[in-house]
$ cat coords_11.cif   # mmCIF, N, CA and C atoms
data_entry
loop_
_atom_site.label_atom_id
_atom_site.label_comp_id
_atom_site.auth_asym_id
_atom_site.auth_seq_id
_atom_site.Cartn_x
_atom_site.Cartn_y
_atom_site.Cartn_z
N MET A 1 7.13 -5.44 -44.19
CA MET A 1 8.25 -5.11 -45.05
C MET A 1 8.34 -6.16 -46.16
N GLY A 2 8.42 -5.67 -47.41
CA GLY A 2 8.43 -6.56 -48.56
C GLY A 2 9.83 -7.02 -48.96
N ALA A 3 9.85 -7.83 -49.99
CA ALA A 3 11.12 -8.38 -50.48
C ALA A 3 12.06 -7.30 -50.99
N ARG A 4 11.49 -6.27 -51.68
CA ARG A 4 12.34 -5.18 -52.18
C ARG A 4 13.01 -4.46 -51.01
N ASP A 5 12.25 -4.19 -49.95
CA ASP A 5 12.81 -3.52 -48.78
C ASP A 5 13.92 -4.37 -48.15
N GLU A 6 13.69 -5.66 -48.07
CA GLU A 6 14.71 -6.56 -47.50
C GLU A 6 15.99 -6.52 -48.32
N ARG A 7 15.85 -6.51 -49.65
CA ARG A 7 17.05 -6.43 -50.52
C ARG A 7 17.77 -5.10 -50.31
N ASP A 8 17.00 -4.01 -50.22
CA ASP A 8 17.61 -2.70 -49.99
C ASP A 8 18.40 -2.67 -48.68
N LEU A 9 17.80 -3.20 -47.63
CA LEU A 9 18.47 -3.21 -46.33
C LEU A 9 19.69 -4.13 -46.34
N ALA A 10 19.63 -5.21 -47.11
CA ALA A 10 20.79 -6.11 -47.23
C ALA A 10 21.96 -5.39 -47.89
N VAL A 11 21.68 -4.55 -48.90
CA VAL A 11 22.75 -3.78 -49.55
C VAL A 11 23.35 -2.79 -48.56
N LEU A 12 22.50 -2.11 -47.79
CA LEU A 12 23.01 -1.18 -46.78
C LEU A 12 23.89 -1.90 -45.76
N ARG A 13 23.43 -3.06 -45.29
CA ARG A 13 24.23 -3.83 -44.32
C ARG A 13 25.58 -4.23 -44.92
N LYS A 14 25.57 -4.65 -46.20
CA LYS A 14 26.82 -5.07 -46.84
C LYS A 14 27.78 -3.90 -46.98
N LEU A 15 27.26 -2.73 -47.38
CA LEU A 15 28.12 -1.55 -47.46
C LEU A 15 28.76 -1.24 -46.11
N LYS A 16 27.96 -1.29 -45.06
CA LYS A 16 28.48 -1.03 -43.71
C LYS A 16 29.52 -2.07 -43.32
N GLU A 17 29.22 -3.34 -43.61
CA GLU A 17 30.14 -4.44 -43.31
C GLU A 17 31.48 -4.26 -44.03
N LEU A 18 31.43 -3.71 -45.25
CA LEU A 18 32.66 -3.49 -46.02
C LEU A 18 33.39 -2.22 -45.62
N GLY A 19 32.84 -1.49 -44.65
CA GLY A 19 33.52 -0.31 -44.12
C GLY A 19 33.13 1.00 -44.76
N SER A 20 32.02 1.03 -45.48
CA SER A 20 31.60 2.26 -46.12
C SER A 20 31.06 3.24 -45.07
N GLU A 21 31.40 4.49 -45.23
CA GLU A 21 30.95 5.55 -44.33
C GLU A 21 29.57 6.02 -44.79
N LEU A 22 28.52 5.45 -44.23
CA LEU A 22 27.16 5.69 -44.70
C LEU A 22 26.60 7.07 -44.37
N SER A 23 27.34 7.85 -43.60
CA SER A 23 26.88 9.22 -43.32
C SER A 23 27.38 10.22 -44.36
N LYS A 24 28.21 9.75 -45.29
CA LYS A 24 28.74 10.61 -46.36
C LYS A 24 27.99 10.34 -47.67
N PRO A 25 27.93 11.35 -48.55
CA PRO A 25 27.28 11.13 -49.85
C PRO A 25 28.03 10.08 -50.68
N HIS A 26 27.28 9.19 -51.28
CA HIS A 26 27.79 8.15 -52.18
C HIS A 26 27.16 8.37 -53.55
N THR A 27 27.83 7.92 -54.59
CA THR A 27 27.18 7.84 -55.89
C THR A 27 26.39 6.54 -55.88
N VAL A 28 25.07 6.66 -55.93
CA VAL A 28 24.20 5.50 -55.86
C VAL A 28 23.62 5.25 -57.26
N ASP A 29 23.71 4.01 -57.71
CA ASP A 29 23.22 3.60 -59.03
C ASP A 29 21.97 2.74 -58.87
N PHE A 30 20.91 3.12 -59.58
CA PHE A 30 19.64 2.38 -59.57
C PHE A 30 19.46 1.75 -60.95
N PHE A 31 19.02 0.47 -60.99
CA PHE A 31 18.97 -0.29 -62.23
C PHE A 31 17.54 -0.66 -62.61
N LEU A 32 17.19 -0.36 -63.87
CA LEU A 32 15.87 -0.66 -64.40
C LEU A 32 16.01 -1.29 -65.78
N TYR A 33 15.01 -2.08 -66.17
CA TYR A 33 15.00 -2.72 -67.48
C TYR A 33 13.64 -2.51 -68.13
N PHE A 34 13.64 -2.24 -69.45
CA PHE A 34 12.41 -1.99 -70.20
C PHE A 34 12.41 -2.81 -71.48
N PRO A 35 11.20 -3.18 -71.94
CA PRO A 35 11.11 -4.03 -73.13
C PRO A 35 11.37 -3.30 -74.45
N SER A 36 11.34 -1.96 -74.45
CA SER A 36 11.60 -1.23 -75.70
C SER A 36 12.37 0.05 -75.41
N GLU A 37 13.01 0.54 -76.44
CA GLU A 37 13.74 1.80 -76.32
C GLU A 37 12.78 2.94 -76.01
N LYS A 38 11.61 2.94 -76.64
CA LYS A 38 10.62 3.99 -76.41
C LYS A 38 10.20 4.04 -74.93
N GLN A 39 9.93 2.90 -74.34
CA GLN A 39 9.53 2.86 -72.94
C GLN A 39 10.68 3.30 -72.04
N ALA A 40 11.89 2.89 -72.37
CA ALA A 40 13.06 3.30 -71.59
C ALA A 40 13.24 4.81 -71.63
N LYS A 41 13.13 5.39 -72.82
CA LYS A 41 13.32 6.84 -72.96
C LYS A 41 12.20 7.63 -72.28
N SER A 42 11.00 7.09 -72.26
CA SER A 42 9.91 7.75 -71.54
C SER A 42 10.19 7.77 -70.05
N ALA A 43 10.67 6.67 -69.53
CA ALA A 43 11.02 6.60 -68.11
C ALA A 43 12.19 7.53 -67.79
N VAL A 44 13.17 7.57 -68.68
CA VAL A 44 14.35 8.41 -68.47
C VAL A 44 13.95 9.88 -68.33
N SER A 45 12.98 10.32 -69.10
CA SER A 45 12.53 11.71 -69.01
C SER A 45 12.08 12.05 -67.60
N GLU A 46 11.32 11.17 -66.98
CA GLU A 46 10.86 11.39 -65.61
C GLU A 46 12.00 11.31 -64.61
N ILE A 47 12.87 10.36 -64.80
CA ILE A 47 13.98 10.16 -63.87
C ILE A 47 14.94 11.34 -63.90
N GLU A 48 15.25 11.85 -65.09
CA GLU A 48 16.17 12.98 -65.20
C GLU A 48 15.61 14.24 -64.55
N ARG A 49 14.29 14.40 -64.56
CA ARG A 49 13.68 15.56 -63.90
C ARG A 49 13.96 15.59 -62.40
N GLU A 50 14.28 14.44 -61.84
CA GLU A 50 14.59 14.35 -60.41
C GLU A 50 16.09 14.50 -60.13
N GLY A 51 16.86 14.86 -61.15
CA GLY A 51 18.27 15.14 -60.95
C GLY A 51 19.22 13.97 -61.13
N TYR A 52 18.73 12.87 -61.67
CA TYR A 52 19.58 11.71 -61.91
C TYR A 52 20.27 11.83 -63.25
N VAL A 53 21.46 11.27 -63.32
CA VAL A 53 22.17 11.10 -64.59
C VAL A 53 21.85 9.68 -65.03
N VAL A 54 21.32 9.52 -66.24
CA VAL A 54 20.83 8.21 -66.68
C VAL A 54 21.55 7.77 -67.95
N ARG A 55 21.95 6.51 -67.94
CA ARG A 55 22.54 5.89 -69.12
C ARG A 55 21.59 4.77 -69.57
N VAL A 56 21.34 4.68 -70.88
CA VAL A 56 20.46 3.66 -71.44
C VAL A 56 21.24 2.87 -72.47
N ASP A 57 21.19 1.54 -72.35
CA ASP A 57 21.91 0.67 -73.28
C ASP A 57 21.04 -0.54 -73.62
N PRO A 58 21.08 -0.98 -74.89
CA PRO A 58 20.38 -2.22 -75.23
C PRO A 58 21.15 -3.42 -74.67
N VAL A 59 20.43 -4.41 -74.23
CA VAL A 59 21.04 -5.64 -73.72
C VAL A 59 20.49 -6.79 -74.56
N SER A 60 21.36 -7.43 -75.30
CA SER A 60 20.93 -8.56 -76.14
C SER A 60 20.80 -9.81 -75.29
N PRO A 61 19.80 -10.64 -75.61
CA PRO A 61 19.70 -11.92 -74.90
C PRO A 61 20.85 -12.83 -75.30
N PRO A 62 21.13 -13.85 -74.51
CA PRO A 62 22.18 -14.80 -74.88
C PRO A 62 21.91 -15.39 -76.27
N TRP A 63 22.94 -15.82 -76.95
CA TRP A 63 22.81 -16.28 -78.33
C TRP A 63 21.74 -17.35 -78.50
N TRP A 64 21.60 -18.25 -77.50
CA TRP A 64 20.64 -19.34 -77.64
C TRP A 64 19.18 -18.89 -77.47
N ARG A 65 18.95 -17.64 -77.01
CA ARG A 65 17.59 -17.14 -76.86
C ARG A 65 17.22 -16.08 -77.89
N ARG A 66 18.15 -15.72 -78.75
CA ARG A 66 17.90 -14.63 -79.70
C ARG A 66 16.78 -14.91 -80.69
N PHE A 67 16.49 -16.17 -80.95
CA PHE A 67 15.39 -16.51 -81.87
C PHE A 67 14.03 -16.28 -81.21
N PHE A 68 14.00 -16.27 -79.88
CA PHE A 68 12.74 -16.21 -79.16
C PHE A 68 12.56 -14.93 -78.34
N SER A 69 13.62 -14.17 -78.15
CA SER A 69 13.57 -12.99 -77.28
C SER A 69 14.08 -11.76 -78.00
N LYS A 70 13.54 -10.62 -77.65
CA LYS A 70 14.02 -9.34 -78.16
C LYS A 70 14.98 -8.74 -77.14
N PRO A 71 15.83 -7.82 -77.57
CA PRO A 71 16.69 -7.14 -76.61
C PRO A 71 15.85 -6.36 -75.61
N VAL A 72 16.38 -6.18 -74.44
CA VAL A 72 15.77 -5.28 -73.46
C VAL A 72 16.66 -4.05 -73.35
N TRP A 73 16.13 -3.02 -72.76
CA TRP A 73 16.87 -1.78 -72.59
C TRP A 73 17.16 -1.56 -71.12
N ALA A 74 18.44 -1.48 -70.80
CA ALA A 74 18.89 -1.30 -69.42
C ALA A 74 19.11 0.19 -69.15
N CYS A 75 18.64 0.63 -67.99
CA CYS A 75 18.85 2.01 -67.55
C CYS A 75 19.60 1.99 -66.23
N CYS A 76 20.61 2.82 -66.13
CA CYS A 76 21.33 3.01 -64.88
C CYS A 76 21.19 4.48 -64.52
N ALA A 77 20.48 4.76 -63.41
CA ALA A 77 20.24 6.13 -62.96
C ALA A 77 21.13 6.38 -61.75
N SER A 78 21.98 7.40 -61.83
CA SER A 78 22.96 7.67 -60.78
C SER A 78 22.73 9.04 -60.16
N LYS A 79 22.99 9.10 -58.87
CA LYS A 79 22.85 10.37 -58.15
C LYS A 79 23.67 10.29 -56.87
N SER A 80 24.24 11.42 -56.48
CA SER A 80 24.96 11.48 -55.22
C SER A 80 23.95 11.71 -54.10
N MET A 81 24.01 10.84 -53.08
CA MET A 81 23.10 10.95 -51.94
C MET A 81 23.70 10.23 -50.74
N VAL A 82 23.23 10.61 -49.57
CA VAL A 82 23.61 9.88 -48.37
C VAL A 82 22.69 8.65 -48.31
N PRO A 83 23.25 7.45 -48.30
CA PRO A 83 22.42 6.24 -48.36
C PRO A 83 21.81 5.88 -47.00
N GLU A 84 20.91 6.74 -46.54
CA GLU A 84 20.22 6.48 -45.29
C GLU A 84 19.06 5.52 -45.53
N ARG A 85 18.69 4.79 -44.52
CA ARG A 85 17.66 3.76 -44.63
C ARG A 85 16.38 4.28 -45.28
N GLU A 86 15.79 5.31 -44.74
CA GLU A 86 14.51 5.82 -45.25
C GLU A 86 14.64 6.38 -46.66
N THR A 87 15.74 7.06 -46.93
CA THR A 87 15.97 7.62 -48.27
C THR A 87 16.02 6.50 -49.30
N ILE A 88 16.76 5.45 -48.99
CA ILE A 88 16.90 4.33 -49.93
C ILE A 88 15.56 3.62 -50.12
N LEU A 89 14.84 3.37 -49.05
CA LEU A 89 13.56 2.67 -49.16
C LEU A 89 12.56 3.48 -49.98
N GLU A 90 12.50 4.78 -49.74
CA GLU A 90 11.57 5.65 -50.49
C GLU A 90 11.98 5.74 -51.96
N THR A 91 13.28 5.86 -52.22
CA THR A 91 13.77 5.99 -53.59
C THR A 91 13.53 4.70 -54.37
N SER A 92 13.76 3.56 -53.74
CA SER A 92 13.50 2.28 -54.41
C SER A 92 12.01 2.13 -54.73
N ALA A 93 11.16 2.53 -53.82
CA ALA A 93 9.72 2.46 -54.07
C ALA A 93 9.35 3.34 -55.26
N TRP A 94 9.95 4.53 -55.34
CA TRP A 94 9.68 5.45 -56.45
C TRP A 94 10.14 4.83 -57.78
N PHE A 95 11.35 4.25 -57.80
CA PHE A 95 11.83 3.61 -59.02
C PHE A 95 10.96 2.42 -59.41
N ASP A 96 10.44 1.70 -58.45
CA ASP A 96 9.54 0.58 -58.75
C ASP A 96 8.28 1.08 -59.45
N VAL A 97 7.74 2.20 -58.98
CA VAL A 97 6.55 2.80 -59.61
C VAL A 97 6.86 3.24 -61.04
N ILE A 98 8.00 3.91 -61.22
CA ILE A 98 8.39 4.38 -62.56
C ILE A 98 8.53 3.18 -63.50
N ALA A 99 9.21 2.14 -63.06
CA ALA A 99 9.41 0.96 -63.90
C ALA A 99 8.07 0.36 -64.31
N LYS A 100 7.18 0.20 -63.38
CA LYS A 100 5.87 -0.40 -63.69
C LYS A 100 5.05 0.49 -64.62
N ARG A 101 5.14 1.80 -64.43
CA ARG A 101 4.39 2.72 -65.29
C ARG A 101 4.76 2.54 -66.76
N PHE A 102 6.01 2.19 -67.03
CA PHE A 102 6.47 2.04 -68.41
C PHE A 102 6.75 0.57 -68.76
N CYS A 103 6.05 -0.34 -68.10
CA CYS A 103 6.11 -1.79 -68.39
C CYS A 103 7.51 -2.37 -68.20
N GLY A 104 8.25 -1.81 -67.27
CA GLY A 104 9.60 -2.28 -67.02
C GLY A 104 9.74 -2.96 -65.68
N GLU A 105 10.98 -3.15 -65.29
CA GLU A 105 11.28 -3.81 -64.04
C GLU A 105 12.40 -3.05 -63.32
N TYR A 106 12.19 -2.78 -62.04
CA TYR A 106 13.23 -2.18 -61.20
C TYR A 106 14.02 -3.33 -60.60
N ASP A 107 15.36 -3.25 -60.71
CA ASP A 107 16.21 -4.36 -60.30
C ASP A 107 17.09 -4.06 -59.10
N GLY A 108 16.90 -2.91 -58.45
CA GLY A 108 17.67 -2.63 -57.25
C GLY A 108 18.73 -1.56 -57.45
N TRP A 109 19.63 -1.48 -56.49
CA TRP A 109 20.61 -0.40 -56.48
C TRP A 109 21.94 -0.92 -55.95
N GLY A 110 22.95 -0.09 -56.15
CA GLY A 110 24.28 -0.38 -55.63
C GLY A 110 25.09 0.89 -55.50
N SER A 111 26.21 0.77 -54.83
CA SER A 111 27.07 1.93 -54.62
C SER A 111 28.49 1.47 -54.36
N GLU A 112 29.41 2.38 -54.61
CA GLU A 112 30.79 2.08 -54.26
C GLU A 112 30.95 2.13 -52.75
N VAL A 113 31.98 1.49 -52.24
CA VAL A 113 32.31 1.56 -50.82
C VAL A 113 33.10 2.83 -50.62
N LEU A 114 32.62 3.69 -49.74
CA LEU A 114 33.28 4.95 -49.43
C LEU A 114 33.85 4.82 -48.03
N SER A 115 35.15 4.60 -47.95
CA SER A 115 35.76 4.32 -46.65
C SER A 115 35.83 5.56 -45.78
N THR A 116 35.99 5.33 -44.48
CA THR A 116 36.01 6.42 -43.52
C THR A 116 37.25 7.29 -43.64
N ASP A 117 38.29 6.83 -44.32
CA ASP A 117 39.52 7.62 -44.43
C ASP A 117 39.58 8.44 -45.72
N THR A 118 38.46 8.55 -46.47
CA THR A 118 38.46 9.38 -47.67
C THR A 118 37.73 10.66 -47.43
#
$ encode --input "coords_11.cif" --output "structure tokens"
Amino acid sequence: MGARDERDLAVLRKLKELGSELSKPHTVDFFLYFPSEKQAKSAVSEIEREGYVVRVDPVSPPWWRRFFSKPVWACCASKSMVPERETILETSAWFDVIAKRFCGEYDGWGSEVLSTDT
């Protein structure tokens, strides 16, 4: 099991610890970063075909790095799903492949806490 898998399982454990009902569908957000708008939009095309709602925004580097760095493009892909262990691990692996295909970086996922009384 790799570092990405360990991070995914840590998020699942934290959601459970916070009282989230993991057997119910959650809105799960997956985060990716790309060096150009063109690469981000190419990735978005593939991601949207899988039923995700995707938001793309430029992220400027801190003021002290602006002379040396270009903005990156952040993508947040959201979808309602039951956050089961295998589903999350497979989905994270898929996002990692998509990010690498377009010279980007997959940064993990998150979700709201869905309590058992909702």
$ atom_distance --input "coords_11.cif" --atom1 "CA of Asp96 in chain A" --atom2 "CA of Arg13 in chain A"
21.1 Å
$ atom_distance --input "coords_11.cif" --atom1 "atom N of Leu114 in chain A" --atom2 "atom C of Gly19 in chain A"
5.7 Å
$ residues_near_point --input "coords_11.cif" --point "(10.7, 13.3, -60.8)" --cutoff "12 Å" --atoms "only C-alpha atoms" --output "PDB file with N, CA and C atoms, keeping the file's coordinate frame"
ATOM      1  N   ALA A  43      10.670   6.670 -69.530  1.00  0.00           N
ATOM      2  CA  ALA A  43      11.020   6.600 -68.110  1.00  0.00           C
ATOM      3  C   ALA A  43      12.190   7.530 -67.790  1.00  0.00           C
ATOM      4  N   VAL A  44      13.170   7.570 -68.680  1.00  0.00           N
ATOM      5  CA  VAL A  44      14.350   8.410 -68.470  1.00  0.00           C
ATOM      6  C   VAL A  44      13.950   9.880 -68.330  1.00  0.00           C
ATOM      7  N   SER A  45      12.980  10.320 -69.100  1.00  0.00           N
ATOM      8  CA  SER A  45      12.530  11.710 -69.010  1.00  0.00           C
ATOM      9  C   SER A  45      12.080  12.050 -67.600  1.00  0.00           C
ATOM     10  N   GLU A  46      11.320  11.170 -66.980  1.00  0.00           N
ATOM     11  CA  GLU A  46      10.860  11.390 -65.610  1.00  0.00           C
ATOM     12  C   GLU A  46      12.000  11.310 -64.610  1.00  0.00           C
ATOM     13  N   ILE A  47      12.870  10.360 -64.800  1.00  0.00           N
ATOM     14  CA  ILE A  47      13.980  10.160 -63.870  1.00  0.00           C
ATOM     15  C   ILE A  47      14.940  11.340 -63.900  1.00  0.00           C
ATOM     16  N   GLU A  48      15.250  11.850 -65.090  1.00  0.00           N
ATOM     17  CA  GLU A  48      16.170  12.980 -65.200  1.00  0.00           C
ATOM     18  C   GLU A  48      15.610  14.240 -64.550  1.00  0.00           C
ATOM     19  N   ARG A  49      14.290  14.400 -64.560  1.00  0.00           N
ATOM     20  CA  ARG A  49      13.680  15.560 -63.900  1.00  0.00           C
ATOM     21  C   ARG A  49      13.960  15.590 -62.400  1.00  0.00           C
ATOM     22  N   GLU A  50      14.280  14.440 -61.840  1.00  0.00           N
ATOM     23  CA  GLU A  50      14.590  14.350 -60.410  1.00  0.00           C
ATOM     24  C   GLU A  50      16.090  14.500 -60.130  1.00  0.00           C
ATOM     25  N   GLY A  51      16.860  14.860 -61.150  1.00  0.00           N
ATOM     26  CA  GLY A  51      18.270  15.140 -60.950  1.00  0.00           C
ATOM     27  C   GLY A  51      19.220  13.970 -61.130  1.00  0.00           C
ATOM     28  N   TYR A  52      18.730  12.870 -61.670  1.00  0.00           N
ATOM     29  CA  TYR A  52      19.580  11.710 -61.910  1.00  0.00           C
ATOM     30  C   TYR A  52      20.270  11.830 -63.250  1.00  0.00           C
ATOM     31  N   THR A  91      13.280   5.860 -52.220  1.00  0.00           N
ATOM     32  CA  THR A  91      13.770   5.990 -53.590  1.00  0.00           C
ATOM     33  C   THR A  91      13.530   4.700 -54.370  1.00  0.00           C
ATOM     34  N   TRP A  94       9.950   4.530 -55.340  1.00  0.00           N
ATOM     35  CA  TRP A  94       9.680   5.450 -56.450  1.00  0.00           C
ATOM     36  C   TRP A  94      10.140   4.830 -57.780  1.00  0.00           C
ATOM     37  N   PHE A  95      11.350   4.250 -57.800  1.00  0.00           N
ATOM     38  CA  PHE A  95      11.830   3.610 -59.020  1.00  0.00           C
ATOM     39  C   PHE A  95      10.960   2.420 -59.410  1.00  0.00           C
ATOM     40  N   VAL A  97       7.740   2.200 -58.980  1.00  0.00           N
ATOM     41  CA  VAL A  97       6.550   2.800 -59.610  1.00  0.00           C
ATOM     42  C   VAL A  97       6.860   3.240 -61.040  1.00  0.00           C
ATOM     43  N   ILE A  98       8.000   3.910 -61.220  1.00  0.00           N
ATOM     44  CA  ILE A  98       8.390   4.380 -62.560  1.00  0.00           C
ATOM     45  C   ILE A  98       8.530   3.180 -63.500  1.00  0.00           C
TER      46      ILE A  98
END
$ resolve_selection --input "coords_11.cif" --expression "the PyMOL selection byres ((chain A and resi 103) around 8)" --output "MDAnalysis selection string"
chainID A and resid 33:36 39:40 97:102 104:106
$ closest_residue --input "coords_11.cif" --among "A:Thr116, A:Val72, A:Glu84, A:Lys79" --to "Val11 in chain A" --atoms "only C-alpha atoms"
A:Glu84
$ residues_around --input "coords_11.cif" --residues "Cys76 in chain A" --least-positions-apart "5" --cutoff "6.5 Å" --atoms "all atoms listed in the file" --output "ChimeraX atom specification"
/A:29-32,53-57
$ select_by_dssp --input "coords_11.cif" --residues "chain A" --states "helix (DSSP H, G or I)" --output "ChimeraX atom specification"
/A:3-17,37-49,63-65,85-101
$ write_last_selection --input "coords_11.cif" --atoms "N, CA and C atoms" --output "short mmCIF file (atom, residue, chain, number, x, y, z; two decimals), in the coordinates of the input"
data_model
loop_
_atom_site.label_atom_id
_atom_site.label_comp_id
_atom_site.auth_asym_id
_atom_site.auth_seq_id
_atom_site.Cartn_x
_atom_site.Cartn_y
_atom_site.Cartn_z
N ALA A 3 9.85 -7.83 -49.99
CA ALA A 3 11.12 -8.38 -50.48
C ALA A 3 12.06 -7.30 -50.99
N ARG A 4 11.49 -6.27 -51.68
CA ARG A 4 12.34 -5.18 -52.18
C ARG A 4 13.01 -4.46 -51.01
N ASP A 5 12.25 -4.19 -49.95
CA ASP A 5 12.81 -3.52 -48.78
C ASP A 5 13.92 -4.37 -48.15
N GLU A 6 13.69 -5.66 -48.07
CA GLU A 6 14.71 -6.56 -47.50
C GLU A 6 15.99 -6.52 -48.32
N ARG A 7 15.85 -6.51 -49.65
CA ARG A 7 17.05 -6.43 -50.52
C ARG A 7 17.77 -5.10 -50.31
N ASP A 8 17.00 -4.01 -50.22
CA ASP A 8 17.61 -2.70 -49.99
C ASP A 8 18.40 -2.67 -48.68
N LEU A 9 17.80 -3.20 -47.63
CA LEU A 9 18.47 -3.21 -46.33
C LEU A 9 19.69 -4.13 -46.34
N ALA A 10 19.63 -5.21 -47.11
CA ALA A 10 20.79 -6.11 -47.23
C ALA A 10 21.96 -5.39 -47.89
N VAL A 11 21.68 -4.55 -48.90
CA VAL A 11 22.75 -3.78 -49.55
C VAL A 11 23.35 -2.79 -48.56
N LEU A 12 22.50 -2.11 -47.79
CA LEU A 12 23.01 -1.18 -46.78
C LEU A 12 23.89 -1.90 -45.76
N ARG A 13 23.43 -3.06 -45.29
CA ARG A 13 24.23 -3.83 -44.32
C ARG A 13 25.58 -4.23 -44.92
N LYS A 14 25.57 -4.65 -46.20
CA LYS A 14 26.82 -5.07 -46.84
C LYS A 14 27.78 -3.90 -46.98
N LEU A 15 27.26 -2.73 -47.38
CA LEU A 15 28.12 -1.55 -47.46
C LEU A 15 28.76 -1.24 -46.11
N LYS A 16 27.96 -1.29 -45.06
CA LYS A 16 28.48 -1.03 -43.71
C LYS A 16 29.52 -2.07 -43.32
N GLU A 17 29.22 -3.34 -43.61
CA GLU A 17 30.14 -4.44 -43.31
C GLU A 17 31.48 -4.26 -44.03
N GLU A 37 13.01 0.54 -76.44
CA GLU A 37 13.74 1.80 -76.32
C GLU A 37 12.78 2.94 -76.01
N LYS A 38 11.61 2.94 -76.64
CA LYS A 38 10.62 3.99 -76.41
C LYS A 38 10.20 4.04 -74.93
N GLN A 39 9.93 2.90 -74.34
CA GLN A 39 9.53 2.86 -72.94
C GLN A 39 10.68 3.30 -72.04
N ALA A 40 11.89 2.89 -72.37
CA ALA A 40 13.06 3.30 -71.59
C ALA A 40 13.24 4.81 -71.63
N LYS A 41 13.13 5.39 -72.82
CA LYS A 41 13.32 6.84 -72.96
C LYS A 41 12.20 7.63 -72.28
N SER A 42 11.00 7.09 -72.26
CA SER A 42 9.91 7.75 -71.54
C SER A 42 10.19 7.77 -70.05
N ALA A 43 10.67 6.67 -69.53
CA ALA A 43 11.02 6.60 -68.11
C ALA A 43 12.19 7.53 -67.79
N VAL A 44 13.17 7.57 -68.68
CA VAL A 44 14.35 8.41 -68.47
C VAL A 44 13.95 9.88 -68.33
N SER A 45 12.98 10.32 -69.10
CA SER A 45 12.53 11.71 -69.01
C SER A 45 12.08 12.05 -67.60
N GLU A 46 11.32 11.17 -66.98
CA GLU A 46 10.86 11.39 -65.61
C GLU A 46 12.00 11.31 -64.61
N ILE A 47 12.87 10.36 -64.80
CA ILE A 47 13.98 10.16 -63.87
C ILE A 47 14.94 11.34 -63.90
N GLU A 48 15.25 11.85 -65.09
CA GLU A 48 16.17 12.98 -65.20
C GLU A 48 15.61 14.24 -64.55
N ARG A 49 14.29 14.40 -64.56
CA ARG A 49 13.68 15.56 -63.90
C ARG A 49 13.96 15.59 -62.40
N TRP A 63 22.94 -15.82 -76.95
CA TRP A 63 22.81 -16.28 -78.33
C TRP A 63 21.74 -17.35 -78.50
N TRP A 64 21.60 -18.25 -77.50
CA TRP A 64 20.64 -19.34 -77.64
C TRP A 64 19.18 -18.89 -77.47
N ARG A 65 18.95 -17.64 -77.01
CA ARG A 65 17.59 -17.14 -76.86
C ARG A 65 17.22 -16.08 -77.89
N ARG A 85 18.69 4.79 -44.52
CA ARG A 85 17.66 3.76 -44.63
C ARG A 85 16.38 4.28 -45.28
N GLU A 86 15.79 5.31 -44.74
CA GLU A 86 14.51 5.82 -45.25
C GLU A 86 14.64 6.38 -46.66
N THR A 87 15.74 7.06 -46.93
CA THR A 87 15.97 7.62 -48.27
C THR A 87 16.02 6.50 -49.30
N ILE A 88 16.76 5.45 -48.99
CA ILE A 88 16.90 4.33 -49.93
C ILE A 88 15.56 3.62 -50.12
N LEU A 89 14.84 3.37 -49.05
CA LEU A 89 13.56 2.67 -49.16
C LEU A 89 12.56 3.48 -49.98
N GLU A 90 12.50 4.78 -49.74
CA GLU A 90 11.57 5.65 -50.49
C GLU A 90 11.98 5.74 -51.96
N THR A 91 13.28 5.86 -52.22
CA THR A 91 13.77 5.99 -53.59
C THR A 91 13.53 4.70 -54.37
N SER A 92 13.76 3.56 -53.74
CA SER A 92 13.50 2.28 -54.41
C SER A 92 12.01 2.13 -54.73
N ALA A 93 11.16 2.53 -53.82
CA ALA A 93 9.72 2.46 -54.07
C ALA A 93 9.35 3.34 -55.26
N TRP A 94 9.95 4.53 -55.34
CA TRP A 94 9.68 5.45 -56.45
C TRP A 94 10.14 4.83 -57.78
N PHE A 95 11.35 4.25 -57.80
CA PHE A 95 11.83 3.61 -59.02
C PHE A 95 10.96 2.42 -59.41
N ASP A 96 10.44 1.70 -58.45
CA ASP A 96 9.54 0.58 -58.75
C ASP A 96 8.28 1.08 -59.45
N VAL A 97 7.74 2.20 -58.98
CA VAL A 97 6.55 2.80 -59.61
C VAL A 97 6.86 3.24 -61.04
N ILE A 98 8.00 3.91 -61.22
CA ILE A 98 8.39 4.38 -62.56
C ILE A 98 8.53 3.18 -63.50
N ALA A 99 9.21 2.14 -63.06
CA ALA A 99 9.41 0.96 -63.90
C ALA A 99 8.07 0.36 -64.31
N LYS A 100 7.18 0.20 -63.38
CA LYS A 100 5.87 -0.40 -63.69
C LYS A 100 5.05 0.49 -64.62
N ARG A 101 5.14 1.80 -64.43
CA ARG A 101 4.39 2.72 -65.29
C ARG A 101 4.76 2.54 -66.76
#
$ atom_distance --input "coords_11.cif" --atom1 "CA of Pro58 in chain A" --atom2 "atom N of Cys75 in chain A"
8.0 Å
$ resolve_selection --input "coords_11.cif" --expression "the PyMOL selection byres (((chain A and resi 24 and name CA) around 12) and name CA)" --output "list in words"
Lys16, Ser20, Glu21, Leu22, Ser23, Pro25, His26, Thr27, Val28, Ser80, Met81, Val82, Pro83, Glu84, Glu112, Val113, Leu114, Ser115, Thr116, Asp117 and Thr118 of chain A
$ select_by_dssp --input "coords_11.cif" --residues "chain A" --states "strand (DSSP E or B)" --output "PyMOL selection string"
chain A and resi 20+26-34+53-59+72-81+105-111+115
$ residues_around --input "coords_11.cif" --residues "Asp8 in chain A" --least-positions-apart "4" --cutoff "7 Å" --atoms "all atoms listed in the file" --output "list in words"
Ala3, Arg4, Leu12, Arg13, Ile88, Leu89 and Trp109 of chain A
$ axis_aligned_box --input "coords_11.cif" --around "range 9-15 of chain A" --padding-each-side "4 Å" --output "lines of an AutoDock Vina configuration file"
center_x = 23.3
center_y = -3.6
center_z = -46.9
size_x = 19.0
size_y = 12.9
size_z = 13.2
